[in-house]
$ cat structure.csv   # CSV, C-alpha atoms and all ligand atoms
chain,number,residue,atom,x,y,z
A,1466,MET,CA,45.3,-72.0,41.3
A,1467,THR,CA,44.1,-68.7,39.8
A,1468,ALA,CA,41.0,-66.9,41.1
A,1469,THR,CA,39.3,-67.5,37.7
A,1470,SER,CA,40.0,-71.3,37.9
A,1471,ARG,CA,38.6,-71.3,41.5
A,1472,SER,CA,35.4,-69.5,40.7
A,1473,ASN,CA,34.9,-71.4,37.5
A,1474,PHE,CA,35.2,-74.7,39.3
A,1475,GLN,CA,32.8,-73.7,42.1
A,1476,TRP,CA,30.2,-72.4,39.7
A,1477,GLU,CA,30.3,-75.7,37.7
A,1478,PHE,CA,30.0,-77.7,40.9
A,1479,VAL,CA,26.8,-75.7,41.7
A,1480,ARG,CA,25.5,-76.4,38.2
A,1481,GLN,CA,26.5,-80.1,37.9
A,1482,PRO,CA,27.4,-81.5,41.3
A,1483,SER,CA,27.4,-85.1,40.4
A,1484,THR,CA,29.6,-84.7,37.3
A,1485,VAL,CA,32.0,-82.3,38.9
A,1486,GLY,CA,32.0,-84.3,42.2
A,1487,ALA,CA,33.9,-81.9,44.4
A,1488,ILE,CA,33.4,-78.4,45.8
A,1489,ALA,CA,37.0,-77.4,45.1
A,1490,ALA,CA,39.7,-78.3,42.5
A,1491,SER,CA,42.5,-80.6,43.7
A,1492,SER,CA,45.2,-79.1,45.9
A,1493,VAL,CA,48.8,-79.0,44.9
A,1494,PHE,CA,49.4,-81.7,47.5
A,1495,LEU,CA,47.0,-84.1,45.9
A,1496,ALA,CA,48.3,-83.2,42.4
A,1497,ARG,CA,51.9,-84.1,43.5
A,1498,GLU,CA,50.7,-87.4,45.1
A,1499,MET,CA,48.8,-88.3,41.9
A,1500,VAL,CA,51.9,-88.2,39.7
A,1501,ARG,CA,54.1,-90.1,42.1
A,1502,GLY,CA,54.4,-93.8,41.3
A,1503,PHE,CA,54.3,-93.5,37.5
A,1504,ASP,CA,57.4,-94.6,35.6
A,1505,TRP,CA,57.7,-91.4,33.7
A,1506,GLN,CA,61.0,-92.3,32.2
A,1507,ARG,CA,59.4,-95.1,30.1
A,1508,ILE,CA,55.9,-93.6,29.6
A,1509,ARG,CA,55.4,-92.4,26.0
A,1510,THR,CA,51.6,-92.0,25.9
A,1511,VAL,CA,49.3,-90.5,28.6
A,1512,VAL,CA,45.6,-89.7,28.8
A,1513,GLU,CA,44.1,-87.6,31.6
A,1514,TYR,CA,40.4,-88.1,32.5
A,1515,GLY,CA,38.4,-85.2,33.9
A,1516,PRO,CA,41.2,-82.5,34.1
A,1517,GLY,CA,38.6,-79.9,35.2
A,1518,THR,CA,40.4,-76.5,35.5
A,1519,GLY,CA,43.8,-78.3,35.2
A,1520,ALA,CA,44.9,-78.7,38.8
A,1521,ILE,CA,46.7,-82.0,38.0
A,1522,THR,CA,47.4,-81.3,34.3
A,1523,GLY,CA,50.3,-79.0,35.2
A,1524,GLU,CA,51.9,-81.7,37.3
A,1525,ILE,CA,51.6,-84.3,34.6
A,1526,LEU,CA,53.1,-81.9,32.0
A,1527,ARG,CA,56.0,-81.3,34.3
A,1528,GLN,CA,56.7,-85.0,34.6
A,1529,ILE,CA,56.4,-86.3,31.1
A,1530,GLN,CA,59.5,-86.8,28.9
A,1531,PRO,CA,60.0,-84.7,25.7
A,1532,GLY,CA,58.1,-86.4,22.9
A,1533,THR,CA,55.5,-88.1,25.1
A,1534,ARG,CA,52.0,-87.9,23.7
A,1535,TYR,CA,49.4,-86.4,26.1
A,1536,ALA,CA,45.7,-86.0,25.6
A,1537,ALA,CA,42.9,-84.8,28.0
A,1538,ILE,CA,39.3,-86.0,28.0
A,1539,GLU,CA,36.9,-83.6,29.7
A,1540,ILE,CA,33.1,-83.7,29.4
A,1541,ASN,CA,32.3,-80.2,30.7
A,1542,PRO,CA,32.4,-77.6,27.9
A,1543,SER,CA,33.2,-74.7,30.3
A,1544,PHE,CA,36.2,-76.6,31.7
A,1545,VAL,CA,37.3,-77.4,28.1
A,1546,ARG,CA,37.3,-73.8,27.2
A,1547,HIS,CA,39.2,-72.9,30.4
A,1548,LEU,CA,41.8,-75.6,29.7
A,1549,ARG,CA,42.3,-74.6,26.1
A,1550,THR,CA,43.1,-71.1,27.3
A,1551,ARG,CA,45.3,-72.2,30.1
A,1552,TYR,CA,47.2,-74.9,28.1
A,1553,PRO,CA,46.9,-73.8,24.4
A,1554,ASP,CA,49.3,-76.5,23.2
A,1555,VAL,CA,47.5,-79.4,24.9
A,1556,PRO,CA,44.9,-81.5,23.0
A,1557,VAL,CA,41.7,-81.4,25.0
A,1558,HIS,CA,38.8,-83.6,23.8
A,1559,GLN,CA,35.3,-82.6,24.9
A,1560,THR,CA,33.7,-86.0,25.4
A,1561,SER,CA,33.3,-88.8,27.9
A,1562,ALA,CA,36.0,-91.1,29.2
A,1563,THR,CA,34.0,-93.9,27.7
A,1564,ASP,CA,35.1,-92.6,24.3
A,1565,VAL,CA,38.8,-93.0,25.0
A,1566,ALA,CA,39.4,-95.4,22.1
A,1567,ASN,CA,38.2,-92.8,19.6
A,1568,VAL,CA,40.3,-90.1,21.2
A,1569,CYS,CA,43.3,-92.3,20.9
A,1570,VAL,CA,42.6,-92.9,17.2
A,1571,LYS,CA,42.3,-89.1,16.6
A,1572,GLU,CA,45.5,-88.5,18.5
A,1573,GLY,CA,47.4,-91.3,16.7
A,1574,ILE,CA,48.0,-93.0,20.0
A,1575,GLY,CA,48.3,-96.8,19.9
A,1576,ARG,CA,48.5,-98.3,23.3
A,1577,VAL,CA,48.2,-96.0,26.3
A,1578,ASP,CA,51.0,-96.3,28.8
A,1579,ALA,CA,49.4,-94.2,31.6
A,1580,ILE,CA,45.9,-93.0,32.4
A,1581,VAL,CA,45.5,-90.4,35.1
A,1582,SER,CA,41.9,-90.3,36.2
A,1583,CYS,CA,40.3,-87.4,38.2
A,1584,LEU,CA,36.7,-88.7,37.7
A,1585,PRO,CA,34.1,-88.6,40.5
A,1586,TRP,CA,33.6,-92.4,40.6
A,1587,ALA,CA,31.5,-92.5,43.7
A,1588,SER,CA,28.8,-90.4,42.1
A,1589,PHE,CA,28.7,-92.5,38.9
A,1590,GLY,CA,26.1,-95.2,38.4
A,1591,ASP,CA,27.0,-98.8,38.0
A,1592,GLN,CA,26.9,-98.9,34.2
A,1593,LEU,CA,28.9,-95.8,33.7
A,1594,GLN,CA,31.6,-96.9,36.1
A,1595,SER,CA,31.8,-100.2,34.3
A,1596,ALA,CA,31.8,-98.7,30.8
A,1597,ILE,CA,34.6,-96.3,31.7
A,1598,LEU,CA,36.8,-98.9,33.3
A,1599,ASP,CA,36.2,-101.4,30.4
A,1600,ALA,CA,37.2,-98.7,27.9
A,1601,ALA,CA,40.3,-97.9,29.9
A,1602,VAL,CA,41.4,-101.5,30.1
A,1603,ALA,CA,40.9,-101.9,26.4
A,1604,VAL,CA,43.3,-99.1,25.4
A,1605,LEU,CA,46.0,-99.6,28.1
A,1606,ALA,CA,49.3,-101.3,27.2
A,1607,PRO,CA,49.8,-104.7,28.9
A,1608,ASP,CA,52.2,-103.0,31.4
A,1609,GLY,CA,50.1,-99.9,31.5
A,1610,GLN,CA,49.5,-97.9,34.6
A,1611,PHE,CA,46.2,-96.4,35.8
A,1612,ALA,CA,45.8,-94.0,38.8
A,1613,THR,CA,42.7,-92.4,40.1
A,1614,PHE,CA,42.0,-90.4,43.2
A,1615,ALA,CA,39.1,-91.1,45.4
A,1616,TYR,CA,37.6,-89.0,48.1
A,1617,LEU,CA,37.8,-90.5,51.6
A,1618,GLN,CA,34.1,-90.2,52.3
A,1619,GLY,CA,33.3,-91.9,49.0
A,1620,LEU,CA,34.6,-95.2,50.5
A,1621,LEU,CA,31.4,-95.4,52.4
A,1622,LEU,CA,29.2,-94.9,49.3
A,1623,PRO,CA,28.1,-97.8,47.1
A,1624,GLY,CA,29.8,-96.2,44.1
A,1625,GLY,CA,33.1,-96.0,46.0
A,1626,MET,CA,32.9,-99.6,47.2
A,1627,ARG,CA,32.1,-100.8,43.6
A,1628,LEU,CA,35.1,-98.9,42.3
A,1629,ARG,CA,37.4,-100.6,44.7
A,1630,HIS,CA,36.2,-104.1,43.8
A,1631,ARG,CA,36.2,-103.3,40.1
A,1632,LEU,CA,39.8,-102.1,40.2
A,1633,ARG,CA,40.9,-105.3,41.9
A,1634,ARG,CA,39.3,-107.3,39.1
A,1635,CYS,CA,40.6,-105.2,36.3
A,1636,PHE,CA,44.3,-104.9,37.4
A,1637,ALA,CA,46.8,-107.4,38.5
A,1638,SER,CA,48.2,-104.9,41.0
A,1639,VAL,CA,46.3,-102.2,43.0
A,1640,GLU,CA,47.9,-100.2,45.7
A,1641,THR,CA,46.5,-97.3,47.7
A,1642,SER,CA,48.4,-94.2,48.7
A,1643,ARG,CA,48.5,-92.4,52.0
A,1644,VAL,CA,45.6,-90.1,52.6
A,1645,VAL,CA,46.2,-86.5,51.4
A,1646,TRP,CA,44.5,-84.5,54.2
A,1647,ARG,CA,45.4,-81.2,52.6
A,1648,ASN,CA,42.7,-81.5,50.0
A,1649,LEU,CA,39.0,-80.6,50.1
A,1650,PRO,CA,37.8,-83.2,50.6
A,1651,PRO,CA,40.6,-85.4,51.8
A,1652,ALA,CA,41.5,-88.0,49.2
A,1653,PHE,CA,43.8,-91.0,48.5
A,1654,ILE,CA,45.0,-92.6,45.3
A,1655,TYR,CA,44.5,-96.1,43.8
A,1656,ARG,CA,47.6,-97.0,41.8
A,1657,CYS,CA,46.9,-99.8,39.4
A,1658,ARG,CA,49.1,-101.8,37.0
A,1659,ASN,CA,48.8,-104.5,34.4
A,1660,PRO,CA,45.2,-104.5,33.2
A,1661,ARG,CA,44.0,-108.0,32.9
A,1662,LEU,CA,40.3,-108.1,31.9
A,1663,ALA,CA,37.2,-106.3,31.2
A,1664,THR,CA,35.0,-105.8,34.2
A,1665,GLY,CA,32.5,-108.2,32.7
A,1666,ASP,CA,30.0,-107.5,35.5
A,1667,ALA,CA,28.4,-110.6,36.8
A,1668,PRO,CA,25.0,-109.9,38.2
A,1669,ALA,CA,26.3,-110.6,41.7
A,1670,ASP,CA,28.8,-107.7,41.3
A,1671,ARG,CA,26.0,-105.2,40.7
A,1672,GLN,CA,24.8,-103.8,44.0
B,1701,LIG,C1,36.5,-84.1,40.8
B,1701,LIG,S1,36.6,-83.1,39.3
B,1701,LIG,C2,38.4,-83.1,39.1
B,1701,LIG,C3,38.8,-81.9,38.4
B,1701,LIG,C4,40.3,-81.7,38.4
B,1701,LIG,N1,41.0,-82.7,37.7
B,1701,LIG,C5,40.9,-81.6,39.7
B,1701,LIG,O1,41.5,-82.5,40.2
B,1701,LIG,O2,40.7,-80.5,40.4
B,1701,LIG,C6,36.0,-84.3,38.2
B,1701,LIG,C7,36.1,-83.9,36.7
B,1701,LIG,O3,35.7,-85.0,35.9
B,1701,LIG,C8,34.9,-84.5,34.8
B,1701,LIG,N2,34.0,-85.6,34.3
B,1701,LIG,C9,33.0,-86.1,34.9
B,1701,LIG,N3,32.5,-87.1,34.2
B,1701,LIG,C10,33.3,-87.3,33.2
B,1701,LIG,C11,33.3,-88.2,32.1
B,1701,LIG,N4,32.4,-89.2,31.9
B,1701,LIG,N5,34.3,-88.1,31.1
B,1701,LIG,C12,35.2,-87.1,31.2
B,1701,LIG,N6,35.2,-86.2,32.2
B,1701,LIG,C13,34.3,-86.3,33.2
B,1701,LIG,C14,34.2,-83.3,35.4
B,1701,LIG,O4,33.6,-82.4,34.5
B,1701,LIG,C15,35.3,-82.7,36.3
B,1701,LIG,O5,36.1,-81.8,35.5
$ encode --input "structure.csv" --output "structure tokens"
Amino acid sequence: MTATSRSNFQWEFVRQPSTVGAIAASSVFLAREMVRGFDWQRIRTVVEYGPGTGAITGEILRQIQPGTRYAAIEINPSFVRHLRTRYPDVPVHQTSATDVANVCVKEGIGRVDAIVSCLPWASFGDQLQSAILDAAVAVLAPDGQFATFAYLQGLLLPGGMRLRHRLRRCFASVETSRVVWRNLPPAFIYRCRNPRLATGDAPADRQ
């Protein structure tokens, strides 16, 4: 990680703590763990959510096969500018992950084989979590894969608990990785496969 990336990330965290969600960008250890478990040989379309300064983007680009379509969705304009400088050939869309269907249309992507999410779910409200997951399930291929990291301490927060329940409803298979301690804060990964339904929040699920 360059000094510019580091200071940019920390400054944006100070400005928008709940959207950025972490004091530091992901470590290389978390980035490597994030890309494990994807079937890169068969994946032809990938969307990354919340690439920030690109800590995980580089690992994804190293894994994908030639010809694979990749698009990034990042809401923060400062990060978007940073990413466009760091990865000039990569399409970065400045919008919310709720808008993934429109991004796919613009990129000529039909079904998405893989979504790599770096979003700060635990700090999201109920409706935003639900809207982002519903939108993801709607664009994923039937055998699509979805991975998202989660900070360990977020497990104790209502948003973190909601996410775990929602993932289990939305995907036929949800596995958790080992904890990556060499990250600030420590994190683990939910690895999900086979989207099956929209979150369709029943009132009882909202807490
Ligand atoms: C925890 S940071 C992760 C940054 C980077 N991927 C990393 O691992 O270091 C969360 C990122 O998600 C972005 N973000 C937050 N809400 C978003 C949304 N609704 N749609 C797209 N990006 C969002 C933030 O701007 C930030 O870049």
$ atom_distance --input "structure.csv" --atom1 "atom CA of Leu1649 of chain A" --atom2 "atom CA of Leu1526 of chain A"
23.0 Å
$ residues_around --input "structure.csv" --residues "Ile1538 of chain A" --least-positions-apart "6" --cutoff "7 Å" --atoms "all atoms listed in the file" --output "PyMOL selection string"
chain A and resi 1513-1515+1557-1562
$ write_last_selection --input "structure.csv" --atoms "C-alpha atoms" --output "CSV table (one decimal), in the coordinates of the input"
chain,number,residue,atom,x,y,z
A,1513,GLU,CA,44.1,-87.6,31.6
A,1514,TYR,CA,40.4,-88.1,32.5
A,1515,GLY,CA,38.4,-85.2,33.9
A,1557,VAL,CA,41.7,-81.4,25.0
A,1558,HIS,CA,38.8,-83.6,23.8
A,1559,GLN,CA,35.3,-82.6,24.9
A,1560,THR,CA,33.7,-86.0,25.4
A,1561,SER,CA,33.3,-88.8,27.9
A,1562,ALA,CA,36.0,-91.1,29.2
$ closest_residue --input "structure.csv" --among "A:Leu1598, A:Leu1617, A:Val1565, A:Val1577" --to "Arg1643 of chain A" --atoms "all atoms listed in the file"
A:Leu1617
$ closest_residue --input "structure.csv" --among "A:Asn1648, A:Ser1588, A:Ser1638, A:Thr1484" --to "ligand LIG 1701 (chain B)" --atoms "all atoms listed in the file"
A:Thr1484
$ closest_atom_pairs --input "structure.csv" --of "chain A" --to "ligand LIG 1701 (chain B)" --cutoff "7 Å" --atoms "all atoms listed in the file" --output "CSV"
residue,atom,partner,partner_atom,distance
A:Thr1484,CA,B:LIG1701,C9,4.4
A:Val1485,CA,B:LIG1701,C15,4.2
A:Gly1486,CA,B:LIG1701,C1,4.7
A:Ala1487,CA,B:LIG1701,C1,5.0
A:Ala1489,CA,B:LIG1701,O2,6.7
A:Ala1490,CA,B:LIG1701,O2,3.2
A:Ser1491,CA,B:LIG1701,O2,3.8
A:Tyr1514,CA,B:LIG1701,C12,5.5
A:Gly1515,CA,B:LIG1701,O3,3.4
A:Pro1516,CA,B:LIG1701,N1,3.6
A:Gly1517,CA,B:LIG1701,O5,3.2
A:Thr1518,CA,B:LIG1701,C4,6.0
A:Gly1519,CA,B:LIG1701,N1,5.8
A:Ala1520,CA,B:LIG1701,O2,4.8
A:Ile1521,CA,B:LIG1701,O1,5.7
A:Ile1538,CA,B:LIG1701,C12,5.3
A:Glu1539,CA,B:LIG1701,N6,4.0
A:Ile1540,CA,B:LIG1701,N6,4.3
A:Asn1541,CA,B:LIG1701,O4,4.6
A:Phe1544,CA,B:LIG1701,O5,6.4
A:Thr1560,CA,B:LIG1701,C12,6.1
A:Ser1561,CA,B:LIG1701,N5,3.4
A:Ala1562,CA,B:LIG1701,N5,3.9
A:Thr1563,CA,B:LIG1701,N4,6.5
A:Cys1583,CA,B:LIG1701,N1,4.8
A:Leu1584,CA,B:LIG1701,O3,4.2
A:Pro1585,CA,B:LIG1701,C1,5.1
$ write_last_selection --input "structure.csv" --atoms "C-alpha atoms" --output "short mmCIF file (atom, residue, chain, number, x, y, z; two decimals), in the frame of the given file"
data_model
loop_
_atom_site.label_atom_id
_atom_site.label_comp_id
_atom_site.auth_asym_id
_atom_site.auth_seq_id
_atom_site.Cartn_x
_atom_site.Cartn_y
_atom_site.Cartn_z
CA THR A 1484 29.60 -84.70 37.30
CA VAL A 1485 32.00 -82.30 38.90
CA GLY A 1486 32.00 -84.30 42.20
CA ALA A 1487 33.90 -81.90 44.40
CA ALA A 1489 37.00 -77.40 45.10
CA ALA A 1490 39.70 -78.30 42.50
CA SER A 1491 42.50 -80.60 43.70
CA TYR A 1514 40.40 -88.10 32.50
CA GLY A 1515 38.40 -85.20 33.90
CA PRO A 1516 41.20 -82.50 34.10
CA GLY A 1517 38.60 -79.90 35.20
CA THR A 1518 40.40 -76.50 35.50
CA GLY A 1519 43.80 -78.30 35.20
CA ALA A 1520 44.90 -78.70 38.80
CA ILE A 1521 46.70 -82.00 38.00
CA ILE A 1538 39.30 -86.00 28.00
CA GLU A 1539 36.90 -83.60 29.70
CA ILE A 1540 33.10 -83.70 29.40
CA ASN A 1541 32.30 -80.20 30.70
CA PHE A 1544 36.20 -76.60 31.70
CA THR A 1560 33.70 -86.00 25.40
CA SER A 1561 33.30 -88.80 27.90
CA ALA A 1562 36.00 -91.10 29.20
CA THR A 1563 34.00 -93.90 27.70
CA CYS A 1583 40.30 -87.40 38.20
CA LEU A 1584 36.70 -88.70 37.70
CA PRO A 1585 34.10 -88.60 40.50
#
$ atom_distance --input "structure.csv" --atom1 "atom CA of Arg1631 of chain A" --atom2 "atom CA of Gly1573 of chain A"
28.6 Å
$ atom_distance --input "structure.csv" --atom1 "atom CA of Phe1653 of chain A" --atom2 "atom CA of Thr1641 of chain A"
6.9 Å
$ residues_around --input "structure.csv" --residues "Leu1632 of chain A" --least-positions-apart "2" --cutoff "12 Å" --atoms "only C-alpha atoms" --output "ChimeraX atom specification"
/A:1586,1594-1595,1597-1599,1601-1602,1610-1613,1625-1630,1634-1641,1654-1664
$ write_last_selection --input "structure.csv" --atoms "C-alpha atoms" --output "PDB file, keeping the file's coordinate frame"
ATOM      1  CA  TRP A1586      33.600 -92.400  40.600  1.00  0.00           C
ATOM      2  CA  GLN A1594      31.600 -96.900  36.100  1.00  0.00           C
ATOM      3  CA  SER A1595      31.800-100.200  34.300  1.00  0.00           C
ATOM      4  CA  ILE A1597      34.600 -96.300  31.700  1.00  0.00           C
ATOM      5  CA  LEU A1598      36.800 -98.900  33.300  1.00  0.00           C
ATOM      6  CA  ASP A1599      36.200-101.400  30.400  1.00  0.00           C
ATOM      7  CA  ALA A1601      40.300 -97.900  29.900  1.00  0.00           C
ATOM      8  CA  VAL A1602      41.400-101.500  30.100  1.00  0.00           C
ATOM      9  CA  GLN A1610      49.500 -97.900  34.600  1.00  0.00           C
ATOM     10  CA  PHE A1611      46.200 -96.400  35.800  1.00  0.00           C
ATOM     11  CA  ALA A1612      45.800 -94.000  38.800  1.00  0.00           C
ATOM     12  CA  THR A1613      42.700 -92.400  40.100  1.00  0.00           C
ATOM     13  CA  GLY A1625      33.100 -96.000  46.000  1.00  0.00           C
ATOM     14  CA  MET A1626      32.900 -99.600  47.200  1.00  0.00           C
ATOM     15  CA  ARG A1627      32.100-100.800  43.600  1.00  0.00           C
ATOM     16  CA  LEU A1628      35.100 -98.900  42.300  1.00  0.00           C
ATOM     17  CA  ARG A1629      37.400-100.600  44.700  1.00  0.00           C
ATOM     18  CA  HIS A1630      36.200-104.100  43.800  1.00  0.00           C
ATOM     19  CA  ARG A1634      39.300-107.300  39.100  1.00  0.00           C
ATOM     20  CA  CYS A1635      40.600-105.200  36.300  1.00  0.00           C
ATOM     21  CA  PHE A1636      44.300-104.900  37.400  1.00  0.00           C
ATOM     22  CA  ALA A1637      46.800-107.400  38.500  1.00  0.00           C
ATOM     23  CA  SER A1638      48.200-104.900  41.000  1.00  0.00           C
ATOM     24  CA  VAL A1639      46.300-102.200  43.000  1.00  0.00           C
ATOM     25  CA  GLU A1640      47.900-100.200  45.700  1.00  0.00           C
ATOM     26  CA  THR A1641      46.500 -97.300  47.700  1.00  0.00           C
ATOM     27  CA  ILE A1654      45.000 -92.600  45.300  1.00  0.00           C
ATOM     28  CA  TYR A1655      44.500 -96.100  43.800  1.00  0.00           C
ATOM     29  CA  ARG A1656      47.600 -97.000  41.800  1.00  0.00           C
ATOM     30  CA  CYS A1657      46.900 -99.800  39.400  1.00  0.00           C
ATOM     31  CA  ARG A1658      49.100-101.800  37.000  1.00  0.00           C
ATOM     32  CA  ASN A1659      48.800-104.500  34.400  1.00  0.00           C
ATOM     33  CA  PRO A1660      45.200-104.500  33.200  1.00  0.00           C
ATOM     34  CA  ARG A1661      44.000-108.000  32.900  1.00  0.00           C
ATOM     35  CA  LEU A1662      40.300-108.100  31.900  1.00  0.00           C
ATOM     36  CA  ALA A1663      37.200-106.300  31.200  1.00  0.00           C
ATOM     37  CA  THR A1664      35.000-105.800  34.200  1.00  0.00           C
TER      38      THR A1664
END
$ residues_around --input "structure.csv" --residues "Ser1472 of chain A" --least-positions-apart "2" --cutoff "12 Å" --atoms "all atoms listed in the file" --output "ChimeraX atom specification"
/A:1466-1470,1474-1479,1488-1490,1518,1543-1544,1547
$ closest_residue --input "structure.csv" --among "A:Val1581, A:Gln1618, A:Pro1556, A:Asp1608" --to "Glu1498 of chain A" --atoms "only C-alpha atoms"
A:Val1581
$ closest_residue --input "structure.csv" --among "A:Glu1524, A:Asp1564, A:Glu1572, A:Asp1504" --to "Ala1596 of chain A" --atoms "all atoms listed in the file"
A:Asp1564
$ build_atoms --input "structure.csv" --residues "segment 1530-1541 of chain A" --atoms "N, CA and C atoms" --output "PDB file, in the coordinates of the input"
ATOM      1  N   GLN A1530      58.280 -86.964  29.654  1.00  0.00           N
ATOM      2  CA  GLN A1530      59.500 -86.800  28.900  1.00  0.00           C
ATOM      3  C   GLN A1530      59.191 -86.064  27.574  1.00  0.00           C
ATOM      4  N   PRO A1531      60.191 -85.352  27.009  1.00  0.00           N
ATOM      5  CA  PRO A1531      60.000 -84.700  25.700  1.00  0.00           C
ATOM      6  C   PRO A1531      59.530 -85.799  24.696  1.00  0.00           C
ATOM      7  N   GLY A1532      58.557 -85.477  23.887  1.00  0.00           N
ATOM      8  CA  GLY A1532      58.100 -86.400  22.900  1.00  0.00           C
ATOM      9  C   GLY A1532      56.948 -87.318  23.336  1.00  0.00           C
ATOM     10  N   THR A1533      56.637 -87.289  24.620  1.00  0.00           N
ATOM     11  CA  THR A1533      55.500 -88.100  25.100  1.00  0.00           C
ATOM     12  C   THR A1533      54.200 -87.485  24.636  1.00  0.00           C
ATOM     13  N   ARG A1534      53.294 -88.358  24.179  1.00  0.00           N
ATOM     14  CA  ARG A1534      52.000 -87.900  23.700  1.00  0.00           C
ATOM     15  C   ARG A1534      51.039 -87.783  24.892  1.00  0.00           C
ATOM     16  N   TYR A1535      50.367 -86.655  25.007  1.00  0.00           N
ATOM     17  CA  TYR A1535      49.400 -86.400  26.100  1.00  0.00           C
ATOM     18  C   TYR A1535      48.080 -85.976  25.484  1.00  0.00           C
ATOM     19  N   ALA A1536      46.970 -86.509  26.008  1.00  0.00           N
ATOM     20  CA  ALA A1536      45.700 -86.000  25.600  1.00  0.00           C
ATOM     21  C   ALA A1536      44.756 -85.972  26.827  1.00  0.00           C
ATOM     22  N   ALA A1537      43.860 -84.988  26.861  1.00  0.00           N
ATOM     23  CA  ALA A1537      42.900 -84.800  28.000  1.00  0.00           C
ATOM     24  C   ALA A1537      41.503 -85.096  27.474  1.00  0.00           C
ATOM     25  N   ILE A1538      40.701 -85.729  28.332  1.00  0.00           N
ATOM     26  CA  ILE A1538      39.300 -86.000  28.000  1.00  0.00           C
ATOM     27  C   ILE A1538      38.456 -85.325  29.115  1.00  0.00           C
ATOM     28  N   GLU A1539      37.674 -84.317  28.735  1.00  0.00           N
ATOM     29  CA  GLU A1539      36.900 -83.600  29.700  1.00  0.00           C
ATOM     30  C   GLU A1539      35.460 -83.389  29.145  1.00  0.00           C
ATOM     31  N   ILE A1540      34.463 -83.730  29.947  1.00  0.00           N
ATOM     32  CA  ILE A1540      33.100 -83.700  29.400  1.00  0.00           C
ATOM     33  C   ILE A1540      32.425 -82.346  29.540  1.00  0.00           C
ATOM     34  N   ASN A1541      32.931 -81.506  30.425  1.00  0.00           N
ATOM     35  CA  ASN A1541      32.300 -80.200  30.700  1.00  0.00           C
ATOM     36  C   ASN A1541      32.789 -79.127  29.771  1.00  0.00           C
TER      37      ASN A1541
END
